[in-house]
$ cat query17.cif   # mmCIF, C-alpha atoms
data_my_file
#
loop_
_atom_site.label_atom_id
_atom_site.label_comp_id
_atom_site.auth_asym_id
_atom_site.auth_seq_id
_atom_site.Cartn_x
_atom_site.Cartn_y
_atom_site.Cartn_z
CA MET W 1 0.00 0.00 0.00
CA PRO W 2 1.40 3.45 -0.88
CA LYS W 3 2.67 5.62 2.02
CA GLN W 4 -0.10 8.15 1.35
CA GLY W 5 -2.75 5.43 1.69
CA ARG W 6 -1.27 4.11 4.96
CA ALA W 7 -1.16 7.66 6.35
CA GLN W 8 -4.83 8.15 5.48
CA LEU W 9 -5.75 4.88 7.26
CA ARG W 10 -3.84 5.95 10.37
CA THR W 11 -5.61 9.33 10.31
CA TRP W 12 -8.99 7.60 9.97
CA ALA W 13 -8.18 5.19 12.83
CA ILE W 14 -7.19 8.06 15.15
CA ALA W 15 -10.34 9.98 14.24
CA LYS W 16 -12.45 6.87 14.85
CA GLU W 17 -10.93 6.28 18.31
CA ASN W 18 -11.79 9.85 19.28
CA CYS W 19 -15.30 9.80 17.83
CA PRO W 20 -17.85 10.07 20.73
CA GLN W 21 -20.27 7.60 19.09
CA TYR W 22 -17.51 5.02 18.57
CA CYS W 23 -16.21 5.48 22.12
CA LEU W 24 -19.72 5.05 23.52
CA ARG W 25 -20.19 1.81 21.59
CA LYS W 26 -16.72 0.55 22.58
CA ASN W 27 -17.24 1.35 26.26
CA PHE W 28 -20.72 -0.23 26.23
CA LEU W 29 -19.35 -3.46 24.76
CA THR W 30 -16.51 -3.46 27.28
CA LEU W 31 -18.92 -3.15 30.20
CA PHE W 32 -21.60 -5.44 28.73
CA PRO W 33 -19.82 -7.90 26.44
CA HIS W 34 -22.85 -10.17 26.11
CA SER W 35 -25.38 -7.44 25.33
CA PRO W 36 -26.00 -6.28 21.76
CA PHE W 37 -25.41 -2.58 21.26
CA PRO W 38 -28.72 -0.79 20.76
CA THR W 39 -29.69 -0.70 17.12
CA PRO W 40 -31.69 2.10 15.53
CA VAL W 41 -35.44 1.80 16.11
CA PRO W 42 -37.25 0.97 12.86
CA PRO W 43 -39.65 3.62 11.60
CA ILE W 44 -43.31 3.36 12.60
CA PRO W 45 -45.20 1.57 9.83
CA LYS W 46 -47.67 3.60 7.81
CA ALA W 47 -51.20 2.96 9.04
CA ILE W 48 -54.27 2.62 6.87
CA VAL W 49 -57.32 3.91 8.74
CA LYS W 50 -60.91 4.81 8.01
CA LEU W 51 -61.76 8.43 7.26
CA GLY W 52 -62.51 10.23 10.52
CA TYR W 53 -60.02 8.33 12.70
CA GLN W 54 -58.69 10.43 15.58
CA PRO W 55 -55.55 9.75 17.66
CA GLN W 56 -55.85 9.92 21.44
CA SER W 57 -54.07 13.28 21.65
CA ILE W 58 -53.13 16.08 19.28
CA ASP W 59 -49.40 15.42 19.68
CA THR W 60 -49.70 11.77 18.58
CA SER W 61 -49.61 10.85 14.90
CA ILE W 62 -52.19 8.46 13.48
CA ASP W 63 -49.42 5.97 12.66
CA ALA W 64 -48.10 6.01 16.25
CA ASP W 65 -51.64 5.78 17.66
CA VAL W 66 -52.51 2.72 15.56
CA LEU W 67 -49.25 1.00 16.50
CA MET W 68 -49.79 1.76 20.19
CA PHE W 69 -53.20 0.10 20.21
CA GLN W 70 -51.90 -2.89 18.27
CA LEU W 71 -49.41 -3.37 21.11
CA PHE W 72 -52.12 -2.85 23.76
CA ARG W 73 -54.18 -5.66 22.21
CA GLN W 74 -51.23 -8.03 22.63
CA LEU W 75 -51.02 -7.53 26.41
CA THR W 76 -52.33 -10.26 28.71
CA PRO W 77 -54.91 -9.30 31.38
CA GLN W 78 -52.20 -9.59 34.04
CA GLN W 79 -49.88 -7.28 32.09
CA LYS W 80 -52.67 -4.72 31.79
CA VAL W 81 -53.30 -4.90 35.54
CA GLN W 82 -49.60 -4.48 36.32
CA ARG W 83 -49.30 -1.55 33.93
CA PHE W 84 -52.31 0.18 35.46
CA CYS W 85 -51.13 -0.42 39.05
CA ASP W 86 -47.55 0.72 38.38
CA PHE W 87 -48.75 3.86 36.65
CA ASN W 88 -51.16 4.85 39.43
CA GLN W 89 -48.66 4.08 42.18
CA SER W 90 -46.06 6.24 40.42
CA VAL W 91 -48.50 9.17 40.28
CA ARG W 92 -49.16 8.90 44.02
CA LYS W 93 -45.46 8.58 44.83
CA LEU W 94 -44.78 11.71 42.79
CA ALA W 95 -47.51 13.56 44.71
CA ARG W 96 -45.97 12.55 48.02
CA TRP W 97 -42.45 13.34 46.80
CA GLY W 98 -43.61 16.81 45.74
CA ILE W 99 -44.98 17.44 49.25
CA GLU W 100 -41.76 16.25 50.90
CA MET W 101 -39.68 18.46 48.59
CA GLN W 102 -41.83 21.51 49.30
CA TYR W 103 -42.00 20.83 53.07
CA PRO W 104 -38.74 19.01 53.95
CA HIS W 105 -39.34 19.26 57.70
CA ALA W 106 -43.00 18.20 57.65
CA THR W 107 -44.19 15.54 60.08
CA THR W 108 -46.05 12.42 58.90
CA THR W 109 -49.32 14.06 60.03
CA GLN W 110 -48.58 17.22 58.05
CA ILE W 111 -47.67 15.17 54.95
CA ARG W 112 -50.93 13.25 55.30
CA ARG W 113 -52.96 16.46 55.60
CA GLU W 114 -51.30 18.01 52.55
CA PHE W 115 -51.85 14.79 50.58
CA ILE W 116 -55.56 14.89 51.49
CA LYS W 117 -55.82 18.51 50.40
CA ARG W 118 -54.11 17.91 47.06
CA CYS W 119 -55.67 14.57 46.15
CA LEU W 120 -59.12 14.70 47.72
CA GLY W 121 -59.74 18.41 48.16
CA GLY W 122 -59.53 20.83 51.07
CA GLU W 123 -63.11 20.10 52.17
CA TRP W 124 -62.03 16.61 53.26
CA LEU W 125 -59.54 17.93 55.84
CA GLU W 126 -62.29 18.74 58.35
CA ILE W 127 -64.29 15.60 57.54
CA LEU W 128 -61.29 13.36 58.18
CA SER W 129 -59.94 15.28 61.18
CA PHE W 130 -61.52 12.72 63.53
CA SER W 131 -59.43 9.83 62.18
CA LYS W 132 -56.69 8.42 64.39
CA ASP W 133 -53.01 8.84 63.62
CA TRP W 134 -52.35 6.17 61.00
CA GLY W 135 -48.64 6.94 60.90
CA GLU W 136 -46.77 7.14 57.63
CA LEU W 137 -48.96 7.46 54.54
CA VAL W 138 -49.36 4.16 52.68
CA ILE W 139 -48.97 4.39 48.90
CA ALA W 140 -51.70 2.29 47.30
CA GLU W 141 -53.68 2.26 44.04
CA PRO W 142 -57.29 1.59 42.90
CA ILE W 143 -56.93 -2.16 42.29
CA GLU W 144 -55.63 -2.69 45.81
CA LEU W 145 -58.52 -0.62 47.14
CA ALA W 146 -60.98 -2.64 45.05
CA ARG W 147 -59.75 -5.92 46.52
CA LYS W 148 -60.03 -4.48 50.02
CA ILE W 149 -63.66 -3.41 49.49
CA ILE W 150 -64.61 -6.61 47.67
CA GLY W 151 -63.30 -8.55 50.67
CA ILE W 152 -65.98 -6.77 52.70
CA LEU W 153 -68.84 -6.93 50.18
CA GLU W 154 -68.69 -10.60 49.24
CA PRO W 155 -69.16 -12.05 52.77
CA LEU W 156 -72.23 -9.79 53.08
CA ASN W 157 -73.64 -11.15 49.77
CA ILE W 158 -73.66 -7.67 48.26
CA LEU W 159 -73.32 -7.85 44.48
CA TYR W 160 -70.87 -5.37 42.99
CA ILE W 161 -69.38 -4.29 39.69
CA ILE W 162 -66.37 -2.04 39.09
CA GLY W 163 -66.68 0.65 36.45
CA GLY W 164 -65.18 4.06 35.81
CA SER W 165 -61.61 4.52 34.69
CA VAL W 166 -60.50 1.25 36.32
CA ALA W 167 -62.72 -0.74 33.96
CA SER W 168 -61.91 1.43 30.93
CA SER W 169 -58.17 1.15 31.67
CA LEU W 170 -58.30 -2.65 31.84
CA LEU W 171 -60.43 -2.82 28.69
CA GLY W 172 -58.81 0.06 26.79
CA GLU W 173 -56.14 2.68 27.37
CA SER W 174 -54.60 2.86 30.84
CA ARG W 175 -54.63 6.16 32.71
CA ALA W 176 -54.25 7.56 36.21
CA THR W 177 -57.36 8.01 38.31
CA GLN W 178 -58.01 9.57 41.68
CA ASP W 179 -60.74 7.20 42.81
CA LEU W 180 -62.48 3.88 42.36
CA ASP W 181 -66.05 3.62 41.01
CA LEU W 182 -68.25 0.73 42.08
CA VAL W 183 -71.93 -0.10 41.71
CA ILE W 184 -73.46 -2.25 44.44
CA ASN W 185 -76.84 -3.91 44.81
CA ILE W 186 -77.65 -3.30 48.46
CA SER W 187 -80.90 -3.23 50.42
CA ILE W 188 -81.68 -0.96 53.34
CA SER W 189 -81.50 -3.99 55.67
CA GLN W 190 -77.85 -4.55 54.69
CA ALA W 191 -76.78 -0.96 55.31
CA SER W 192 -75.85 -1.37 58.98
CA GLN W 193 -73.82 -4.51 58.21
CA LEU W 194 -71.82 -2.69 55.56
CA ILE W 195 -71.23 0.33 57.80
CA ASP W 196 -70.06 -1.86 60.69
CA ALA W 197 -67.76 -3.89 58.43
CA MET W 198 -66.08 -0.79 56.99
CA SER W 199 -65.86 1.39 60.10
CA ASP W 200 -62.48 0.15 61.35
CA GLU W 201 -60.34 1.20 58.38
CA PHE W 202 -62.66 3.39 56.29
CA TYR W 203 -64.34 6.72 56.58
CA ILE W 204 -68.02 6.00 55.91
CA SER W 205 -71.06 8.16 56.68
CA ASP W 206 -74.12 6.34 58.04
CA SER W 207 -76.51 9.02 56.80
CA ALA W 208 -74.93 9.16 53.33
CA VAL W 209 -75.33 5.39 52.90
CA ILE W 210 -78.99 5.43 53.97
CA GLU W 211 -79.76 8.42 51.77
CA ALA W 212 -78.09 6.86 48.72
CA ILE W 213 -80.08 3.65 49.11
CA SER W 214 -83.32 5.59 49.60
CA ARG W 215 -82.72 7.76 46.51
CA SER W 216 -81.56 4.96 44.20
CA THR W 217 -84.99 4.34 42.68
CA ALA W 218 -85.69 8.01 41.98
CA THR W 219 -82.19 8.73 40.60
CA PRO W 220 -80.85 5.53 39.01
CA ARG W 221 -77.15 5.52 38.16
CA GLU W 222 -76.63 8.75 40.11
CA SER W 223 -77.27 7.95 43.78
CA SER W 224 -73.95 7.37 45.57
CA PHE W 225 -71.84 7.74 48.71
CA ASN W 226 -68.10 7.98 49.31
CA VAL W 227 -65.76 5.84 51.40
CA ILE W 228 -62.09 6.54 52.09
CA TYR W 229 -59.52 3.93 53.03
CA LEU W 230 -57.74 5.75 55.85
CA PRO W 231 -54.25 4.16 55.73
CA SER W 232 -53.73 5.35 52.13
CA MET W 233 -56.46 8.02 51.77
CA GLU W 234 -57.75 6.29 48.63
CA LYS W 235 -61.36 7.20 47.79
CA ALA W 236 -64.12 5.05 46.33
CA ASP W 237 -67.36 6.37 44.88
CA ILE W 238 -70.02 3.73 45.51
CA PHE W 239 -73.18 3.97 43.42
CA VAL W 240 -76.32 2.20 44.61
CA MET W 241 -78.00 0.13 41.91
CA SER W 242 -81.68 0.61 41.21
CA ASN W 243 -83.58 -2.64 40.69
CA HIS W 244 -86.14 -0.67 38.70
CA ASP W 245 -83.71 0.62 36.07
CA PRO W 246 -83.44 -1.76 33.06
CA PHE W 247 -79.96 -0.57 32.05
CA SER W 248 -78.56 -1.02 35.56
CA ILE W 249 -80.00 -4.54 35.68
CA SER W 250 -78.49 -5.34 32.28
CA VAL W 251 -75.07 -4.01 33.34
CA MET W 252 -75.02 -6.12 36.51
CA ASN W 253 -76.19 -9.24 34.67
CA ARG W 254 -73.46 -8.79 32.03
CA ARG W 255 -70.58 -8.08 34.42
CA GLN W 256 -67.44 -9.99 33.55
CA PHE W 257 -64.76 -11.57 35.70
CA TYR W 258 -61.35 -10.02 35.11
CA PRO W 259 -58.36 -12.08 36.31
CA LEU W 260 -55.78 -10.15 38.32
CA THR W 261 -53.23 -12.97 38.49
CA GLY W 262 -52.74 -16.36 36.90
CA SER W 263 -55.03 -17.91 39.53
CA PRO W 264 -58.68 -18.34 38.42
CA GLU W 265 -59.84 -17.42 41.96
CA SER W 266 -58.08 -14.06 41.94
CA GLY W 267 -60.05 -11.47 40.06
CA ILE W 268 -62.68 -8.75 40.11
CA PHE W 269 -66.01 -8.20 38.37
CA ILE W 270 -65.95 -5.25 35.98
CA TYR W 271 -68.25 -3.71 33.37
CA SER W 272 -68.42 -5.40 29.99
CA PRO W 273 -66.72 -3.40 27.20
CA GLU W 274 -70.09 -2.44 25.69
CA ASP W 275 -71.50 -1.25 29.01
CA ILE W 276 -68.47 0.85 29.98
CA VAL W 277 -68.65 2.56 26.57
CA LEU W 278 -72.34 3.35 27.13
CA GLN W 279 -71.79 4.48 30.72
CA LYS W 280 -68.87 6.74 29.79
CA LEU W 281 -70.88 8.26 26.93
CA SER W 282 -73.69 8.95 29.43
CA TRP W 283 -71.26 10.74 31.78
CA TYR W 284 -69.78 12.63 28.84
CA LYS W 285 -73.27 13.79 27.86
CA LEU W 286 -74.04 14.95 31.42
CA THR W 287 -70.85 17.02 31.69
CA PRO W 288 -71.11 20.63 30.45
CA ASP W 289 -69.10 20.89 27.22
CA GLY W 290 -68.24 17.19 27.59
CA SER W 291 -65.37 15.61 29.50
CA GLN W 292 -62.37 14.92 27.29
CA LYS W 293 -61.17 12.28 29.76
CA GLN W 294 -64.44 10.38 29.33
CA TRP W 295 -64.28 10.72 25.55
CA ARG W 296 -60.68 9.50 25.41
CA ASP W 297 -61.61 6.54 27.63
CA VAL W 298 -64.42 5.62 25.21
CA LEU W 299 -62.11 5.78 22.18
CA GLY W 300 -59.50 3.74 24.03
CA VAL W 301 -61.93 0.91 24.74
CA LEU W 302 -63.26 0.91 21.17
CA LYS W 303 -59.74 0.83 19.71
CA VAL W 304 -58.56 -2.04 21.92
CA GLN W 305 -61.77 -4.04 21.47
CA GLN W 306 -61.71 -3.79 17.65
CA GLY W 307 -64.12 -6.30 16.09
CA ARG W 308 -65.13 -7.90 19.40
CA LEU W 309 -68.05 -5.76 20.56
CA ASN W 310 -71.73 -6.65 20.35
CA ARG W 311 -72.86 -3.92 17.95
CA ALA W 312 -76.53 -4.87 18.22
CA TYR W 313 -76.41 -4.41 22.01
CA LEU W 314 -74.57 -1.10 21.64
CA ASN W 315 -77.07 0.20 19.10
CA GLN W 316 -80.08 -0.95 21.13
CA TRP W 317 -79.00 0.73 24.37
CA GLY W 318 -77.52 3.70 22.52
CA GLU W 319 -81.00 4.40 21.19
CA THR W 320 -82.70 3.76 24.56
CA LEU W 321 -80.28 6.03 26.42
CA LYS W 322 -80.40 8.67 23.66
CA LEU W 323 -76.71 8.24 22.89
CA THR W 324 -76.97 7.25 19.21
CA ASP W 325 -75.24 10.35 17.80
CA LEU W 326 -72.40 10.22 20.33
CA LEU W 327 -71.97 6.48 19.79
CA GLU W 328 -71.73 6.89 16.02
CA GLN W 329 -69.19 9.69 16.44
CA ALA W 330 -67.09 7.58 18.81
CA LEU W 331 -67.17 4.57 16.47
CA LEU W 332 -66.06 6.81 13.60
CA GLN W 333 -63.18 8.43 15.50
CA SER W 334 -61.96 5.08 16.85
CA GLY W 335 -61.94 3.54 13.36
CA TYR W 336 -64.07 0.67 14.66
CA GLU W 337 -64.72 -1.89 11.94
#
$ encode --input "query17.cif" --output "structure tokens"
Amino acid sequence: MPKQGRAQLRTWAIAKENCPQYCLRKNFLTLFPHSPFPTPVPPIPKAIVKLGYQPQSIDTSIDADVLMFQLFRQLTPQQKVQRFCDFNQSVRKLARWGIEMQYPHATTTQIRREFIKRCLGGEWLEILSFSKDWGELVIAEPIELARKIIGILEPLNILYIIGGSVASSLLGESRATQDLDLVINISISQASQLIDAMSDEFYISDSAVIEAISRSTATPRESSFNVIYLPSMEKADIFVMSNHDPFSISVMNRRQFYPLTGSPESGIFIYSPEDIVLQKLSWYKLTPDGSQKQWRDVLGVLKVQQGRLNRAYLNQWGETLKLTDLLEQALLQSGYE
């Protein structure tokens, strides 16, 4: 090889050794000799969607949105549960971390009070002032709270179903939520049993429970009371089912068992995909100017459940509940086939 060529090779070799990208790769392989160096991520495939398809947010492309929901559909039920739990626990840990950073010398009681104010609202400070000192705040999440409440309801033979963003997250797109929504079928004669069973670890109002049961017939799907799990300050909104409301009866009859682990005995009863879509559309309709969180939840369920929904059931109840226009719009924006 000519001297000029050898000189050029030496120059190239020196430049290569001092190149940051080459050094990074070399150091990575030195530290992790059995790990492949990260390769460039392939481009997102071009998606073919129906006219009217809308991504979940304005900063997400249609191609990325379609790919994301293809990946969601591949998750097992247990993976969806874990994803939802991890996400909600992280949100709560961040809330507590923010308090500790802002008030580095705060006591456990002061941290608890600030957490209540930020996560539940200032009005709850006085309501919960009676509660004993539970010590350090426990970081929990809605699924854990659901299992705690179900452990009280089932021995009392109180039928339940979990809805809200817990159900829509397990059946669609996962998101953080501040509370747990349940519907229970309870009679006035069971009220005192429920109150007694929950009184040790929960805030529960006797009068609110009685009033919700009494009003359930007149205001189906709206009559509710709140309970708060005091160790973690997690809140549940418990709606009392009306046995005179056909849609409520249908929802409870169609509830589905959702496995939380690999064990068939470990699971919770949640809304069916069709019923959570209808319920969320109802809440969206009741909210002035509509709730974008509810709408996004609806689209998330429709996108994950592609081709698996009972369209006849959706159309029937959509017409009965006067949701036909909203349902058609949601089906269009989700690209439901």
$ closest_atom_pairs --input "query17.cif" --of "segment 131-187 of chain W" --to "segment 48-60 of chain W" --cutoff "12 Å" --atoms "all atoms listed in the file" --output "JSON lines"
{"residue": "W:Gly172", "atom": "CA", "partner": "W:Gln56", "partner_atom": "CA", "distance": 11.6}
{"residue": "W:Glu173", "atom": "CA", "partner": "W:Gln56", "partner_atom": "CA", "distance": 9.4}
{"residue": "W:Ser174", "atom": "CA", "partner": "W:Gln56", "partner_atom": "CA", "distance": 11.8}
{"residue": "W:Arg175", "atom": "CA", "partner": "W:Gln56", "partner_atom": "CA", "distance": 11.9}
$ atom_distance --input "query17.cif" --atom1 "atom CA of Pro259 of chain W" --atom2 "atom CA of Val81 of chain W"
8.8 Å
$ resolve_selection --input "query17.cif" --expression "the PyMOL selection byres ((chain W and resi 156) around 12)" --output "mmCIF file with C-alpha atoms, in the frame of the given file"
data_model
loop_
_atom_site.group_PDB
_atom_site.id
_atom_site.type_symbol
_atom_site.label_atom_id
_atom_site.label_comp_id
_atom_site.auth_asym_id
_atom_site.auth_seq_id
_atom_site.Cartn_x
_atom_site.Cartn_y
_atom_site.Cartn_z
ATOM 1 C CA ILE W 149 -63.660 -3.410 49.490
ATOM 2 C CA ILE W 150 -64.610 -6.610 47.670
ATOM 3 C CA GLY W 151 -63.300 -8.550 50.670
ATOM 4 C CA ILE W 152 -65.980 -6.770 52.700
ATOM 5 C CA LEU W 153 -68.840 -6.930 50.180
ATOM 6 C CA GLU W 154 -68.690 -10.600 49.240
ATOM 7 C CA PRO W 155 -69.160 -12.050 52.770
ATOM 8 C CA ASN W 157 -73.640 -11.150 49.770
ATOM 9 C CA ILE W 158 -73.660 -7.670 48.260
ATOM 10 C CA LEU W 159 -73.320 -7.850 44.480
ATOM 11 C CA TYR W 160 -70.870 -5.370 42.990
ATOM 12 C CA ILE W 184 -73.460 -2.250 44.440
ATOM 13 C CA ASN W 185 -76.840 -3.910 44.810
ATOM 14 C CA ILE W 186 -77.650 -3.300 48.460
ATOM 15 C CA SER W 187 -80.900 -3.230 50.420
ATOM 16 C CA SER W 189 -81.500 -3.990 55.670
ATOM 17 C CA GLN W 190 -77.850 -4.550 54.690
ATOM 18 C CA ALA W 191 -76.780 -0.960 55.310
ATOM 19 C CA SER W 192 -75.850 -1.370 58.980
ATOM 20 C CA GLN W 193 -73.820 -4.510 58.210
ATOM 21 C CA LEU W 194 -71.820 -2.690 55.560
ATOM 22 C CA ILE W 195 -71.230 0.330 57.800
ATOM 23 C CA ASP W 196 -70.060 -1.860 60.690
ATOM 24 C CA ALA W 197 -67.760 -3.890 58.430
ATOM 25 C CA MET W 198 -66.080 -0.790 56.990
#
$ resolve_selection --input "query17.cif" --expression "the PyMOL selection byres ((chain W and resi 97-102) around 12)" --output "number ranges by chain"
W: 90-96, 103-108, 110-119, 137, 139
$ residues_near_point --input "query17.cif" --point "(-72.6, -10.5, 34.7)" --cutoff "12 Å" --atoms "all atoms listed in the file" --output "mmCIF file with C-alpha atoms, keeping the file's coordinate frame"
data_model
loop_
_atom_site.group_PDB
_atom_site.id
_atom_site.type_symbol
_atom_site.label_atom_id
_atom_site.label_comp_id
_atom_site.auth_asym_id
_atom_site.auth_seq_id
_atom_site.Cartn_x
_atom_site.Cartn_y
_atom_site.Cartn_z
ATOM 1 C CA LEU W 159 -73.320 -7.850 44.480
ATOM 2 C CA TYR W 160 -70.870 -5.370 42.990
ATOM 3 C CA ILE W 161 -69.380 -4.290 39.690
ATOM 4 C CA ILE W 162 -66.370 -2.040 39.090
ATOM 5 C CA SER W 248 -78.560 -1.020 35.560
ATOM 6 C CA ILE W 249 -80.000 -4.540 35.680
ATOM 7 C CA SER W 250 -78.490 -5.340 32.280
ATOM 8 C CA VAL W 251 -75.070 -4.010 33.340
ATOM 9 C CA MET W 252 -75.020 -6.120 36.510
ATOM 10 C CA ASN W 253 -76.190 -9.240 34.670
ATOM 11 C CA ARG W 254 -73.460 -8.790 32.030
ATOM 12 C CA ARG W 255 -70.580 -8.080 34.420
ATOM 13 C CA GLN W 256 -67.440 -9.990 33.550
ATOM 14 C CA PHE W 257 -64.760 -11.570 35.700
ATOM 15 C CA TYR W 258 -61.350 -10.020 35.110
ATOM 16 C CA ILE W 268 -62.680 -8.750 40.110
ATOM 17 C CA PHE W 269 -66.010 -8.200 38.370
ATOM 18 C CA ILE W 270 -65.950 -5.250 35.980
ATOM 19 C CA TYR W 271 -68.250 -3.710 33.370
ATOM 20 C CA SER W 272 -68.420 -5.400 29.990
ATOM 21 C CA PRO W 273 -66.720 -3.400 27.200
ATOM 22 C CA ASP W 275 -71.500 -1.250 29.010
#
$ resolve_selection --input "query17.cif" --expression "the PyMOL selection byres ((chain W and resi 63) around 7)" --output "count of residues only"
10
$ atom_distance --input "query17.cif" --atom1 "atom CA of Val183 of chain W" --atom2 "atom CA of Ser224 of chain W"
8.6 Å
$ atom_distance --input "query17.cif" --atom1 "atom CA of Glu222 of chain W" --atom2 "atom CA of Ile238 of chain W"
9.9 Å
$ closest_residue --input "query17.cif" --among "W:Thr261, W:Leu128, W:Leu302, W:Ser242" --to "Lys80 of chain W" --atoms "only C-alpha atoms"
W:Thr261
$ closest_residue --input "query17.cif" --among "W:Gly135, W:Leu323, W:Leu171, W:Trp124" --to "Arg308 of chain W" --atoms "all atoms listed in the file"
W:Leu171
$ axis_aligned_box --input "query17.cif" --around "segment 191-202 of chain W" --padding-each-side "3 Å" --output "lines of an AutoDock Vina configuration file"
center_x = -68.6
center_y = -0.6
center_z = 58.3
size_x = 22.4
size_y = 13.9
size_z = 12.0
$ residues_near_point --input "query17.cif" --point "(-81.1, 2.7, 37.5)" --cutoff "10 Å" --atoms "all atoms listed in the file" --output "PyMOL selection string"
chain W and resi 216-223+239-251
$ write_last_selection --input "query17.cif" --atoms "C-alpha atoms" --output "compact mmCIF listing (two decimals), in the frame of the given file"
# COMPACT_ATOMS: atom_id res chain seq x y z
CA SER W 216 -81.56 4.96 44.20
CA THR W 217 -84.99 4.34 42.68
CA ALA W 218 -85.69 8.01 41.98
CA THR W 219 -82.19 8.73 40.60
CA PRO W 220 -80.85 5.53 39.01
CA ARG W 221 -77.15 5.52 38.16
CA GLU W 222 -76.63 8.75 40.11
CA SER W 223 -77.27 7.95 43.78
CA PHE W 239 -73.18 3.97 43.42
CA VAL W 240 -76.32 2.20 44.61
CA MET W 241 -78.00 0.13 41.91
CA SER W 242 -81.68 0.61 41.21
CA ASN W 243 -83.58 -2.64 40.69
CA HIS W 244 -86.14 -0.67 38.70
CA ASP W 245 -83.71 0.62 36.07
CA PRO W 246 -83.44 -1.76 33.06
CA PHE W 247 -79.96 -0.57 32.05
CA SER W 248 -78.56 -1.02 35.56
CA ILE W 249 -80.00 -4.54 35.68
CA SER W 250 -78.49 -5.34 32.28
CA VAL W 251 -75.07 -4.01 33.34
$ residues_around --input "query17.cif" --residues "Tyr336 of chain W" --least-positions-apart "4" --cutoff "9 Å" --atoms "all atoms listed in the file" --output "list in words"
Lys50, Tyr53, Leu302, Lys303, Gln305, Gln306, Gly307, Ala330, Leu331 and Leu332 of chain W
$ closest_residue --input "query17.cif" --among "W:Pro77, W:Pro288, W:Pro42, W:Gly121" --to "Ala167 of chain W" --atoms "only C-alpha atoms"
W:Pro77
$ decode --input "query17.cif" --residues "segment 97-108 of chain W" --atoms "N, CA, C and O atoms" --output "PDB file, in the first residue's frame"
ATOM      1  N   TRP W  97     -43.791  12.803  46.942  1.00  0.00           N
ATOM      2  CA  TRP W  97     -42.445  13.344  46.796  1.00  0.00           C
ATOM      3  C   TRP W  97     -42.487  14.863  46.654  1.00  0.00           C
ATOM      4  O   TRP W  97     -41.660  15.577  47.227  1.00  0.00           O
ATOM      5  N   GLY W  98     -43.467  15.370  45.903  1.00  0.00           N
ATOM      6  CA  GLY W  98     -43.613  16.811  45.744  1.00  0.00           C
ATOM      7  C   GLY W  98     -43.871  17.504  47.071  1.00  0.00           C
ATOM      8  O   GLY W  98     -43.337  18.590  47.345  1.00  0.00           O
ATOM      9  N   ILE W  99     -44.690  16.879  47.920  1.00  0.00           N
ATOM     10  CA  ILE W  99     -44.978  17.438  49.246  1.00  0.00           C
ATOM     11  C   ILE W  99     -43.710  17.455  50.100  1.00  0.00           C
ATOM     12  O   ILE W  99     -43.395  18.448  50.763  1.00  0.00           O
ATOM     13  N   GLU W 100     -42.978  16.345  50.087  1.00  0.00           N
ATOM     14  CA  GLU W 100     -41.756  16.252  50.896  1.00  0.00           C
ATOM     15  C   GLU W 100     -40.686  17.240  50.423  1.00  0.00           C
ATOM     16  O   GLU W 100     -39.921  17.769  51.237  1.00  0.00           O
ATOM     17  N   MET W 101     -40.635  17.486  49.106  1.00  0.00           N
ATOM     18  CA  MET W 101     -39.677  18.457  48.591  1.00  0.00           C
ATOM     19  C   MET W 101     -40.066  19.879  48.984  1.00  0.00           C
ATOM     20  O   MET W 101     -39.213  20.713  49.304  1.00  0.00           O
ATOM     21  N   GLN W 102     -41.363  20.165  48.968  1.00  0.00           N
ATOM     22  CA  GLN W 102     -41.828  21.509  49.305  1.00  0.00           C
ATOM     23  C   GLN W 102     -41.753  21.763  50.812  1.00  0.00           C
ATOM     24  O   GLN W 102     -41.467  22.889  51.243  1.00  0.00           O
ATOM     25  N   TYR W 103     -42.012  20.703  51.604  1.00  0.00           N
ATOM     26  CA  TYR W 103     -41.998  20.829  53.071  1.00  0.00           C
ATOM     27  C   TYR W 103     -41.043  19.784  53.646  1.00  0.00           C
ATOM     28  O   TYR W 103     -41.476  18.748  54.184  1.00  0.00           O
ATOM     29  N   PRO W 104     -39.727  20.022  53.541  1.00  0.00           N
ATOM     30  CA  PRO W 104     -38.735  19.007  53.946  1.00  0.00           C
ATOM     31  C   PRO W 104     -38.772  18.654  55.429  1.00  0.00           C
ATOM     32  O   PRO W 104     -38.302  17.578  55.818  1.00  0.00           O
ATOM     33  N   HIS W 105     -39.313  19.524  56.259  1.00  0.00           N
ATOM     34  CA  HIS W 105     -39.337  19.261  57.701  1.00  0.00           C
ATOM     35  C   HIS W 105     -40.733  18.859  58.195  1.00  0.00           C
ATOM     36  O   HIS W 105     -40.980  18.849  59.404  1.00  0.00           O
ATOM     37  N   ALA W 106     -41.622  18.539  57.282  1.00  0.00           N
ATOM     38  CA  ALA W 106     -42.997  18.199  57.655  1.00  0.00           C
ATOM     39  C   ALA W 106     -43.054  16.874  58.402  1.00  0.00           C
ATOM     40  O   ALA W 106     -42.305  15.937  58.120  1.00  0.00           O
ATOM     41  N   THR W 107     -43.954  16.791  59.364  1.00  0.00           N
ATOM     42  CA  THR W 107     -44.191  15.538  60.081  1.00  0.00           C
ATOM     43  C   THR W 107     -45.072  14.626  59.226  1.00  0.00           C
ATOM     44  O   THR W 107     -45.640  15.050  58.213  1.00  0.00           O
ATOM     45  N   THR W 108     -45.204  13.357  59.641  1.00  0.00           N
ATOM     46  CA  THR W 108     -46.053  12.417  58.898  1.00  0.00           C
ATOM     47  C   THR W 108     -47.503  12.901  58.874  1.00  0.00           C
ATOM     48  O   THR W 108     -48.196  12.744  57.875  1.00  0.00           O
TER      49      THR W 108
END
